[in-house]
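As provided, start13.csv (CSV, C-alpha atoms (C1' of nucleotides) and all ligand atoms) reads as follows.
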```
chain,number,residue,atom,x,y,z
A,188,MET,CA,17.3,17.4,20.2
A,189,ASN,CA,15.7,14.2,18.8
A,190,SER,CA,17.9,11.2,18.3
A,191,LEU,CA,18.7,11.9,14.6
A,192,LYS,CA,22.4,11.4,13.8
A,193,GLN,CA,24.0,14.3,12.0
A,194,ILE,CA,24.2,12.3,8.8
A,195,ASP,CA,20.5,11.4,8.9
A,196,ARG,CA,19.6,15.0,9.7
A,197,GLY,CA,21.5,16.0,6.6
A,198,ALA,CA,19.8,13.5,4.4
A,199,LEU,CA,16.4,14.6,5.8
A,200,SER,CA,16.9,18.3,5.2
A,201,ASP,CA,18.4,17.7,1.8
A,202,ALA,CA,15.5,15.5,0.7
A,203,LEU,CA,12.9,17.9,2.1
A,204,ASP,CA,14.6,21.0,0.6
A,205,HIS,CA,14.9,19.2,-2.7
A,206,SER,CA,11.1,18.6,-2.8
A,207,GLY,CA,10.3,22.1,-1.6
A,208,GLN,CA,9.2,21.2,1.9
A,209,ARG,CA,10.4,22.4,5.3
A,210,THR,CA,12.3,20.6,8.0
A,211,THR,CA,10.2,20.6,11.1
A,212,PRO,CA,10.6,19.1,14.6
A,213,GLN,CA,7.7,16.8,13.9
A,214,ARG,CA,9.2,15.5,10.7
A,215,GLU,CA,12.6,15.0,12.3
A,216,THR,CA,11.1,13.1,15.2
A,217,VAL,CA,9.0,10.8,13.0
A,218,PHE,CA,12.0,10.1,10.8
A,219,SER,CA,14.2,9.3,13.9
A,220,VAL,CA,11.5,6.9,15.1
A,221,LEU,CA,11.7,5.1,11.8
A,222,LEU,CA,15.5,4.9,11.8
A,223,ASP,CA,15.7,3.8,15.5
A,224,GLU,CA,13.7,0.6,15.3
A,225,ARG,CA,13.6,-0.8,11.8
A,226,ASP,CA,10.7,-3.2,12.3
A,227,HIS,CA,8.3,-1.7,9.7
A,228,PRO,CA,5.9,0.0,12.1
A,229,THR,CA,2.4,0.9,11.2
A,230,ALA,CA,1.3,4.6,11.4
A,231,ASP,CA,-0.3,3.8,14.8
A,232,GLU,CA,3.0,2.4,16.1
A,233,VAL,CA,4.9,5.3,14.7
A,234,TYR,CA,2.3,7.6,16.5
A,235,THR,CA,2.8,5.9,19.9
A,236,ARG,CA,6.6,6.0,19.6
A,237,THR,CA,6.7,9.5,18.4
A,238,LYS,CA,4.3,10.7,21.1
A,239,SER,CA,6.7,9.4,23.8
A,240,ARG,CA,9.3,11.8,22.4
A,241,MET,CA,7.0,14.6,21.5
A,242,PRO,CA,3.8,14.3,23.5
A,243,SER,CA,2.0,17.1,21.7
A,244,ILE,CA,2.1,15.4,18.2
A,245,SER,CA,-1.2,14.3,16.7
A,246,MET,CA,-2.1,11.3,14.6
A,247,ALA,CA,-2.9,13.6,11.7
A,248,THR,CA,0.6,15.0,11.8
A,249,VAL,CA,2.1,11.5,11.9
A,250,TYR,CA,0.2,10.6,8.8
A,251,ASN,CA,1.3,13.9,7.2
A,252,CYS,CA,4.9,13.4,8.1
A,253,LEU,CA,5.0,9.9,6.9
A,254,GLU,CA,3.4,11.0,3.6
A,255,THR,CA,6.0,13.8,3.4
A,256,LEU,CA,8.9,11.3,4.0
A,257,VAL,CA,7.5,9.0,1.4
A,258,SER,CA,7.1,11.8,-1.1
A,259,CYS,CA,10.6,12.9,-0.8
A,260,GLY,CA,11.9,9.4,-1.2
A,261,LEU,CA,13.4,8.7,2.3
A,262,VAL,CA,10.9,6.1,3.3
A,263,LYS,CA,8.9,3.4,1.5
A,264,GLN,CA,5.5,2.2,2.2
A,265,VAL,CA,5.1,-1.6,2.7
A,266,ASN,CA,1.7,-3.0,2.1
A,267,ILE,CA,1.0,-6.6,3.0
A,268,GLU,CA,-2.4,-8.1,2.4
A,269,ARG,CA,-5.0,-5.8,3.9
A,270,GLU,CA,-3.0,-4.9,6.9
A,271,PRO,CA,-2.3,-1.3,7.9
A,272,THR,CA,0.5,0.2,5.8
A,273,ARG,CA,4.0,-0.1,7.3
A,274,TYR,CA,6.9,2.2,6.8
A,275,CYS,CA,10.5,1.3,5.9
A,276,PRO,CA,13.5,3.6,5.8
A,277,ASN,CA,15.7,1.0,4.1
A,278,LEU,CA,16.5,2.5,0.7
A,279,ALA,CA,18.5,-0.4,-0.6
A,280,PRO,CA,16.7,-2.7,-2.9
A,281,HIS,CA,15.4,-5.5,-0.7
A,282,ALA,CA,12.6,-8.0,-0.3
A,283,HIS,CA,10.3,-8.5,2.7
A,284,PHE,CA,9.4,-11.5,4.7
A,285,HIS,CA,6.1,-11.6,6.5
A,286,CYS,CA,5.8,-14.1,9.4
A,287,ARG,CA,2.4,-15.6,9.6
A,288,ASP,CA,2.8,-16.4,13.3
A,289,THR,CA,3.9,-13.1,14.6
A,290,GLY,CA,2.8,-10.7,11.9
A,291,ARG,CA,6.2,-9.2,11.9
A,292,VAL,CA,7.9,-8.0,8.7
A,293,TYR,CA,11.6,-8.5,8.1
A,294,ASP,CA,14.0,-7.0,5.5
A,295,VAL,CA,15.6,-9.6,3.3
A,296,PRO,CA,18.7,-8.5,1.5
A,297,VAL,CA,18.9,-9.5,-2.1
A,298,PRO,CA,22.0,-9.9,-4.3
A,299,ALA,CA,23.0,-6.7,-6.1
A,300,GLY,CA,21.1,-6.2,-9.3
A,301,MET,CA,18.6,-9.0,-8.6
A,302,MET,CA,15.6,-6.8,-8.2
A,303,LYS,CA,16.3,-5.2,-11.5
A,304,ASP,CA,17.0,-8.5,-13.2
A,305,LEU,CA,13.5,-9.7,-12.2
A,306,ALA,CA,12.0,-7.2,-14.6
A,307,LYS,CA,13.5,-9.3,-17.4
A,308,VAL,CA,10.5,-11.6,-17.2
A,309,LEU,CA,8.3,-8.8,-18.4
A,310,PRO,CA,7.2,-8.8,-22.1
A,311,GLY,CA,8.6,-6.0,-24.1
A,312,GLU,CA,5.6,-3.7,-23.9
A,313,TYR,CA,5.8,-3.5,-20.1
A,314,SER,CA,8.3,-1.2,-18.4
A,315,ALA,CA,8.6,-1.4,-14.6
A,316,ASP,CA,9.8,1.4,-12.4
A,317,SER,CA,9.3,-0.6,-9.2
A,318,VAL,CA,9.6,-4.3,-8.3
A,319,GLU,CA,8.1,-5.7,-5.1
A,320,LEU,CA,9.0,-9.1,-3.7
A,321,VAL,CA,7.2,-10.4,-0.6
A,322,PHE,CA,7.6,-13.8,1.0
A,323,ARG,CA,5.2,-15.1,3.5
A,324,GLY,CA,5.7,-18.0,5.9
A,325,HIS,CA,7.3,-19.0,9.1
A,326,LEU,CA,10.5,-18.5,11.0
A,327,SER,CA,12.1,-21.6,12.4
A,328,LYS,CA,11.9,-21.5,16.1
A,329,GLY,CA,15.0,-20.6,18.0
A,330,LYS,CA,15.9,-17.7,15.7
A,331,LYS,CA,14.8,-14.1,16.6
A,332,GLN,CA,11.4,-14.2,18.0
B,204,MET,CA,-27.3,-22.3,-16.4
B,205,ASN,CA,-24.5,-19.8,-15.8
B,206,SER,CA,-21.5,-19.7,-18.2
B,207,LEU,CA,-19.4,-22.2,-16.3
B,208,LYS,CA,-17.8,-24.8,-18.6
B,209,GLN,CA,-18.2,-28.4,-17.5
B,210,ILE,CA,-14.5,-28.7,-16.5
B,211,ASP,CA,-14.7,-25.6,-14.3
B,212,ARG,CA,-18.0,-26.7,-12.8
B,213,GLY,CA,-16.2,-29.9,-11.8
B,214,ALA,CA,-13.2,-28.1,-10.4
B,215,LEU,CA,-15.5,-25.9,-8.4
B,216,SER,CA,-17.6,-28.7,-6.8
B,217,ASP,CA,-14.6,-30.8,-6.1
B,218,ALA,CA,-12.8,-27.9,-4.3
B,219,LEU,CA,-16.0,-26.9,-2.4
B,220,ASP,CA,-16.7,-30.6,-1.4
B,221,HIS,CA,-13.1,-31.0,-0.4
B,222,SER,CA,-13.4,-28.1,2.0
B,223,GLY,CA,-16.8,-29.1,3.3
B,224,GLN,CA,-18.8,-26.3,1.6
B,225,ARG,CA,-21.8,-26.5,-0.7
B,226,THR,CA,-22.0,-25.7,-4.4
B,227,THR,CA,-24.6,-23.0,-4.8
B,228,PRO,CA,-25.8,-20.9,-7.7
B,229,GLN,CA,-24.3,-17.8,-6.2
B,230,ARG,CA,-20.9,-19.4,-5.9
B,231,GLU,CA,-21.1,-20.8,-9.4
B,232,THR,CA,-22.0,-17.5,-10.8
B,233,VAL,CA,-19.3,-15.5,-9.0
B,234,PHE,CA,-16.8,-18.1,-10.1
B,235,SER,CA,-17.9,-17.9,-13.7
B,236,VAL,CA,-17.6,-14.1,-13.6
B,237,LEU,CA,-14.0,-14.5,-12.5
B,238,LEU,CA,-13.2,-17.0,-15.2
B,239,ASP,CA,-14.9,-15.0,-18.0
B,240,GLU,CA,-12.9,-11.8,-17.7
B,241,ARG,CA,-9.5,-12.3,-16.2
B,242,ASP,CA,-8.8,-8.7,-15.4
B,243,HIS,CA,-8.5,-9.0,-11.6
B,244,PRO,CA,-11.8,-7.3,-10.8
B,245,THR,CA,-12.5,-5.8,-7.3
B,246,ALA,CA,-15.3,-7.1,-5.2
B,247,ASP,CA,-17.4,-4.2,-6.4
B,248,GLU,CA,-16.7,-5.1,-10.1
B,249,VAL,CA,-17.5,-8.7,-9.4
B,250,TYR,CA,-20.8,-7.6,-7.8
B,251,THR,CA,-21.8,-5.5,-10.8
B,252,ARG,CA,-21.0,-8.3,-13.2
B,253,THR,CA,-22.6,-11.0,-11.1
B,254,LYS,CA,-25.7,-8.9,-10.6
B,255,SER,CA,-26.2,-8.7,-14.3
B,256,ARG,CA,-26.4,-12.5,-14.5
B,257,MET,CA,-28.2,-13.0,-11.1
B,258,PRO,CA,-30.0,-9.7,-10.2
B,259,SER,CA,-31.0,-10.9,-6.7
B,260,ILE,CA,-27.5,-11.4,-5.4
B,261,SER,CA,-26.3,-9.1,-2.7
B,262,MET,CA,-22.9,-7.5,-2.0
B,263,ALA,CA,-22.6,-9.5,1.2
B,264,THR,CA,-23.0,-12.7,-0.7
B,265,VAL,CA,-20.4,-11.6,-3.3
B,266,TYR,CA,-17.9,-11.0,-0.4
B,267,ASN,CA,-18.9,-14.4,1.1
B,268,CYS,CA,-18.5,-16.2,-2.2
B,269,LEU,CA,-15.2,-14.7,-3.0
B,270,GLU,CA,-14.0,-15.6,0.5
B,271,THR,CA,-15.2,-19.1,0.0
B,272,LEU,CA,-13.5,-19.4,-3.4
B,273,VAL,CA,-10.3,-18.2,-1.8
B,274,SER,CA,-10.6,-20.5,1.1
B,275,CYS,CA,-10.9,-23.5,-1.1
B,276,GLY,CA,-8.0,-22.5,-3.2
B,277,LEU,CA,-9.7,-21.7,-6.5
B,278,VAL,CA,-9.0,-18.0,-6.4
B,279,LYS,CA,-6.2,-15.8,-5.1
B,280,GLN,CA,-6.5,-12.3,-3.7
B,281,VAL,CA,-4.3,-9.7,-5.2
B,282,ASN,CA,-3.5,-6.7,-3.1
B,283,ILE,CA,-1.8,-3.7,-4.6
B,284,GLU,CA,-1.0,-0.8,-2.5
B,285,ARG,CA,-4.1,0.3,-0.6
B,286,GLU,CA,-6.5,-0.3,-3.4
B,287,PRO,CA,-9.5,-2.6,-3.0
B,288,THR,CA,-8.6,-6.3,-3.1
B,289,ARG,CA,-8.7,-7.9,-6.5
B,290,TYR,CA,-9.4,-11.5,-7.4
B,291,CYS,CA,-7.5,-13.8,-9.7
B,292,PRO,CA,-8.5,-17.3,-10.7
B,293,ASN,CA,-5.1,-18.0,-12.4
B,294,LEU,CA,-3.7,-20.8,-10.3
B,295,ALA,CA,-0.3,-21.0,-12.1
B,296,PRO,CA,2.6,-19.3,-10.4
B,297,HIS,CA,2.7,-15.9,-12.0
B,298,ALA,CA,3.7,-12.3,-11.3
B,299,HIS,CA,1.5,-9.2,-11.6
B,300,PHE,CA,2.0,-5.9,-13.4
B,301,HIS,CA,0.2,-2.8,-12.2
B,302,CYS,CA,-0.1,0.0,-14.8
B,303,ARG,CA,0.2,3.4,-13.1
B,304,ASP,CA,-1.7,5.0,-15.9
B,305,THR,CA,-4.8,2.9,-16.1
B,306,GLY,CA,-4.7,1.1,-12.8
B,307,ARG,CA,-5.2,-2.2,-14.6
B,308,VAL,CA,-3.5,-5.3,-13.3
B,309,TYR,CA,-2.0,-7.9,-15.7
B,310,ASP,CA,-0.8,-11.5,-15.2
B,311,VAL,CA,2.8,-11.9,-16.1
B,312,PRO,CA,3.9,-15.5,-16.8
B,313,VAL,CA,7.2,-16.5,-15.2
B,314,PRO,CA,9.5,-19.3,-16.2
B,315,ALA,CA,8.7,-22.7,-14.6
B,316,GLY,CA,10.3,-22.9,-11.1
B,317,MET,CA,11.3,-19.3,-11.0
B,318,MET,CA,8.9,-18.3,-8.2
B,319,LYS,CA,10.2,-21.1,-6.1
B,320,ASP,CA,13.8,-20.3,-6.9
B,321,LEU,CA,13.3,-16.8,-5.6
B,322,ALA,CA,13.0,-18.1,-2.1
B,323,LYS,CA,16.6,-19.1,-2.3
B,324,VAL,CA,17.5,-15.6,-1.3
B,325,LEU,CA,16.0,-16.2,2.1
B,326,PRO,CA,18.4,-16.9,5.0
B,327,GLY,CA,18.1,-20.4,6.5
B,328,GLU,CA,15.8,-19.6,9.3
B,329,TYR,CA,13.0,-18.3,7.0
B,330,SER,CA,10.7,-20.7,5.3
B,331,ALA,CA,8.3,-19.2,2.7
B,332,ASP,CA,5.1,-20.9,1.6
B,333,SER,CA,4.1,-18.0,-0.7
B,334,VAL,CA,6.0,-15.7,-2.9
B,335,GLU,CA,4.5,-12.5,-4.4
B,336,LEU,CA,6.1,-10.5,-7.2
B,337,VAL,CA,4.5,-7.3,-8.3
B,338,PHE,CA,5.8,-4.9,-10.9
B,339,ARG,CA,4.6,-1.3,-11.2
B,340,GLY,CA,5.1,0.9,-14.2
B,341,HIS,CA,3.8,1.7,-17.6
B,342,LEU,CA,2.7,0.0,-20.8
B,343,SER,CA,4.2,1.3,-24.0
B,344,LYS,CA,1.5,2.9,-26.1
B,345,GLY,CA,0.1,0.9,-28.9
B,346,LYS,CA,-0.1,-2.3,-26.9
B,347,LYS,CA,-3.4,-3.3,-25.3
B,348,GLN,CA,-5.0,-0.3,-23.7
C,233,DA,C1',-44.7,-35.6,2.5
C,234,DA,C1',-43.5,-33.0,6.5
C,235,DT,C1',-39.8,-31.8,9.8
C,236,DT,C1',-35.4,-30.9,11.4
C,237,DT,C1',-31.0,-28.9,11.0
C,238,DG,C1',-27.1,-26.6,9.6
C,239,DA,C1',-25.4,-23.9,5.8
C,240,DT,C1',-26.2,-20.0,3.1
C,241,DT,C1',-27.9,-15.6,1.7
C,242,DT,C1',-29.3,-11.1,2.7
C,243,DA,C1',-29.9,-6.0,4.3
C,244,DG,C1',-28.1,-3.1,7.0
C,245,DA,C1',-25.1,-1.8,10.9
C,246,DA,C1',-20.5,-1.6,12.6
C,247,DT,C1',-15.5,-1.2,12.1
C,248,DA,C1',-11.1,0.7,11.2
C,249,DA,C1',-7.4,2.7,8.5
C,250,DT,C1',-6.9,6.6,6.1
C,251,DT,C1',-8.1,11.1,4.1
C,252,DC,C1',-10.2,15.4,4.3
C,253,DT,C1',-11.6,20.0,6.3
C,254,DA,C1',-11.0,24.1,8.3
C,255,DA,C1',-9.1,26.6,11.9
C,256,DA,C1',-4.9,27.7,14.6
C,257,DC,C1',0.0,28.0,14.7
C,258,DT,C1',4.8,28.8,12.9
C,259,DA,C1',8.6,30.8,10.8
C,260,DG,C1',11.1,32.9,7.0
C,261,DG,C1',11.2,36.9,4.1
C,262,DT,C1',9.9,41.6,3.5
D,88,DA,C1',6.4,44.2,13.2
D,89,DC,C1',3.7,42.2,9.3
D,90,DC,C1',2.7,39.0,5.5
D,91,DT,C1',2.4,34.8,3.7
D,92,DA,C1',2.7,30.2,2.7
D,93,DG,C1',3.5,26.0,4.8
D,94,DT,C1',2.4,23.1,8.7
D,95,DT,C1',0.0,21.2,12.5
D,96,DT,C1',-4.1,19.9,14.7
D,97,DA,C1',-8.8,17.9,16.2
D,98,DG,C1',-12.4,16.1,14.6
D,99,DA,C1',-15.5,14.8,10.7
D,100,DA,C1',-15.9,12.1,6.6
D,101,DT,C1',-14.8,8.3,3.7
D,102,DT,C1',-14.7,3.6,2.2
D,103,DA,C1',-13.6,-1.2,1.8
D,104,DT,C1',-14.6,-4.8,4.5
D,105,DT,C1',-16.5,-7.4,8.3
D,106,DC,C1',-20.1,-8.4,11.4
D,107,DT,C1',-25.0,-9.3,13.0
D,108,DA,C1',-29.1,-11.4,13.0
D,109,DA,C1',-33.0,-12.7,10.6
D,110,DA,C1',-34.8,-15.1,6.4
D,111,DT,C1',-34.2,-18.7,3.1
D,112,DC,C1',-32.7,-23.0,1.4
D,113,DA,C1',-31.8,-27.7,0.9
D,114,DA,C1',-30.0,-32.2,2.5
D,115,DA,C1',-31.2,-35.7,5.6
D,116,DT,C1',-34.4,-37.9,8.6
D,117,DT,C1',-38.8,-39.1,10.3
A,401,MN,MN,7.1,-17.6,12.7
A,402,MN,MN,0.2,2.6,-19.0
A,403,ZN,ZN,11.9,-3.0,4.4
A,404,ZN,ZN,-3.2,-12.8,-11.5
```

Can you dump the structure from the file as structure tokens?
Amino acid sequence: MNSLKQIDRGALSDALDHSGQRTTPQRETVFSVLLDERDHPTADEVYTRTKSRMPSISMATVYNCLETLVSCGLVKQVNIEREPTRYCPNLAPHAHFHCRDTGRVYDVPVPAGMMKDLAKVLPGEYSADSVELVFRGHLSKGKKQ
Amino acid sequence: MNSLKQIDRGALSDALDHSGQRTTPQRETVFSVLLDERDHPTADEVYTRTKSRMPSISMATVYNCLETLVSCGLVKQVNIEREPTRYCPNLAPHAHFHCRDTGRVYDVPVPAGMMKDLAKVLPGEYSADSVELVFRGHLSKGKKQ
DNA sequence: AATTTGATTTAGAATAATTCTAAACTAGGT
DNA sequence: ACCTAGTTTAGAATTATTCTAAATCAAATT
């Protein structure tokens, strides 16, 4: 019993089935780690958190599970500059904000359809299947951390 | 005599002076390589091209020069997924398009003010000093390469 | 002109995130 | 119970980049 809610467990096994991969305790646990704290952890952070729930898991498996979750569409990779890849289970179109002070990455909701509309700046010969919008700057003190 | 136009040579020494760094043949040559072919080369590609104009240059110096040019604001780093960092001397606000087929990266002009306007989606406590917009997809055949 | 000094260049070593390899393990289907 | 393909695992390999320390350079001073 990891902390996956029934609905998330369903989404996980559907997505894995659909892409011909098995549901395993390691994959469930890694997925639950991502859903529990949505702070865009790195593979290393996912490893630490997963290990506390499943001490036998290895770093290689964490990388494998993350790659599996990405490949079946449940998780997105977020790359900011040359930092280690971060992982985001938020499937809604959204932007990211990277705080230069803390290094933290936040989800930024965007109005419905806006991400798609951005692609209108593309000349006709370009056709985009993904749009990535990243802000970098500072959080005014007082808010969050 | 490297292939720097007089106007670019001026911009270079101004920017270097302003940040307390010296104008050197290596820096001039690396800068001219970036200006001559605006295809967002990697450090490795910059090294190859620079070496053909200045055979004695080393990889370490290319990295150093690129870092210098970035630090004085003449060049921007462009990071796409986990690929090697690319370098872009286009100082106008613009977006990038990454072709999944060829791996090439293209500049996409955006309407004046649009990049700034994007920051309006940010909640009040966020203040962005940089906005990055990257499209990924395919170029319709026929166009470019 | 020679000397000093700090910046720059250079080759090669070190680093670190990620991927690869190959062996052990697991589980579903016969 | 056995087969088989998929998964997990430890550790080695990879690779872009950074670091180190010595050599070189050039502006400023003597
Ligand atoms: Mn901040
Ligand atoms: Mn294409
Ligand atoms: Zn996110
Ligand atoms: Zn560009």

* Asked: Given a cut-off of 9 Å, which residues of chain B touch chain A, counting all atoms listed in the file, written out as a VMD selection string?
  -> chain B and resid 280 to 285 287 to 288 300 to 302 311 to 314 322 324 to 346

* Taking only C-alpha atoms (C1' of nucleotides) into account, what are the residues of chain B at most 12 Å from chain C, put as a PyMOL selection string? -> chain B and resi 223-230+259-268+271+285-286

Dump as JSON lines the rows for residues of chain D within 10 Å of chain B: closest atom pair and distance in Å with one decimal, all atoms listed in the file counted, ordered by chain and rising residue number.
```
{"residue": "D:DT102", "atom": "C1'", "partner": "B:Pro287", "partner_atom": "CA", "distance": 9.6}
{"residue": "D:DA103", "atom": "C1'", "partner": "B:Pro287", "partner_atom": "CA", "distance": 6.5}
{"residue": "D:DT104", "atom": "C1'", "partner": "B:Tyr266", "partner_atom": "CA", "distance": 8.6}
{"residue": "D:DT105", "atom": "C1'", "partner": "B:Tyr266", "partner_atom": "CA", "distance": 9.5}
```

* Structure fact -> Students should find that CA of Leu219 (chain B) and CA of Cys275 (chain B) are spaced 6.3 Å

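The spacing separating CA of Asp304 (chain A) from CA of Ala295 (chain B) amounts to 21.4 Å.
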
* Neighbours of ligand ZN 403 (chain A) within 6 Å, counting all atoms listed in the file, as a PyMOL selection string? -> chain A and resi 275+277+283+294

* Point-to-point distance in Å for CA of Leu261 (chain A) and CA of Gly300 (chain A) -> 20.4 Å

* **From B:Leu272, B:Ile210, B:Ala218, B:Val278, residue lying nearest ligand ZN 404 (chain A) [only C-alpha atoms and all ligand atoms]** =>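 Answer, going by the shortest atom-to-atom distance: B:Val278.
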
Around all listed atoms of region 226-234 of chain B, padded 5 Å per side, what centre and edge lengths does the axis-aligned box have in Å to one decimal, as lines of an AutoDock Vina configuration file?
```
center_x = -21.3
center_y = -20.6
center_z = -7.6
size_x = 19.0
size_y = 20.2
size_z = 16.4
```
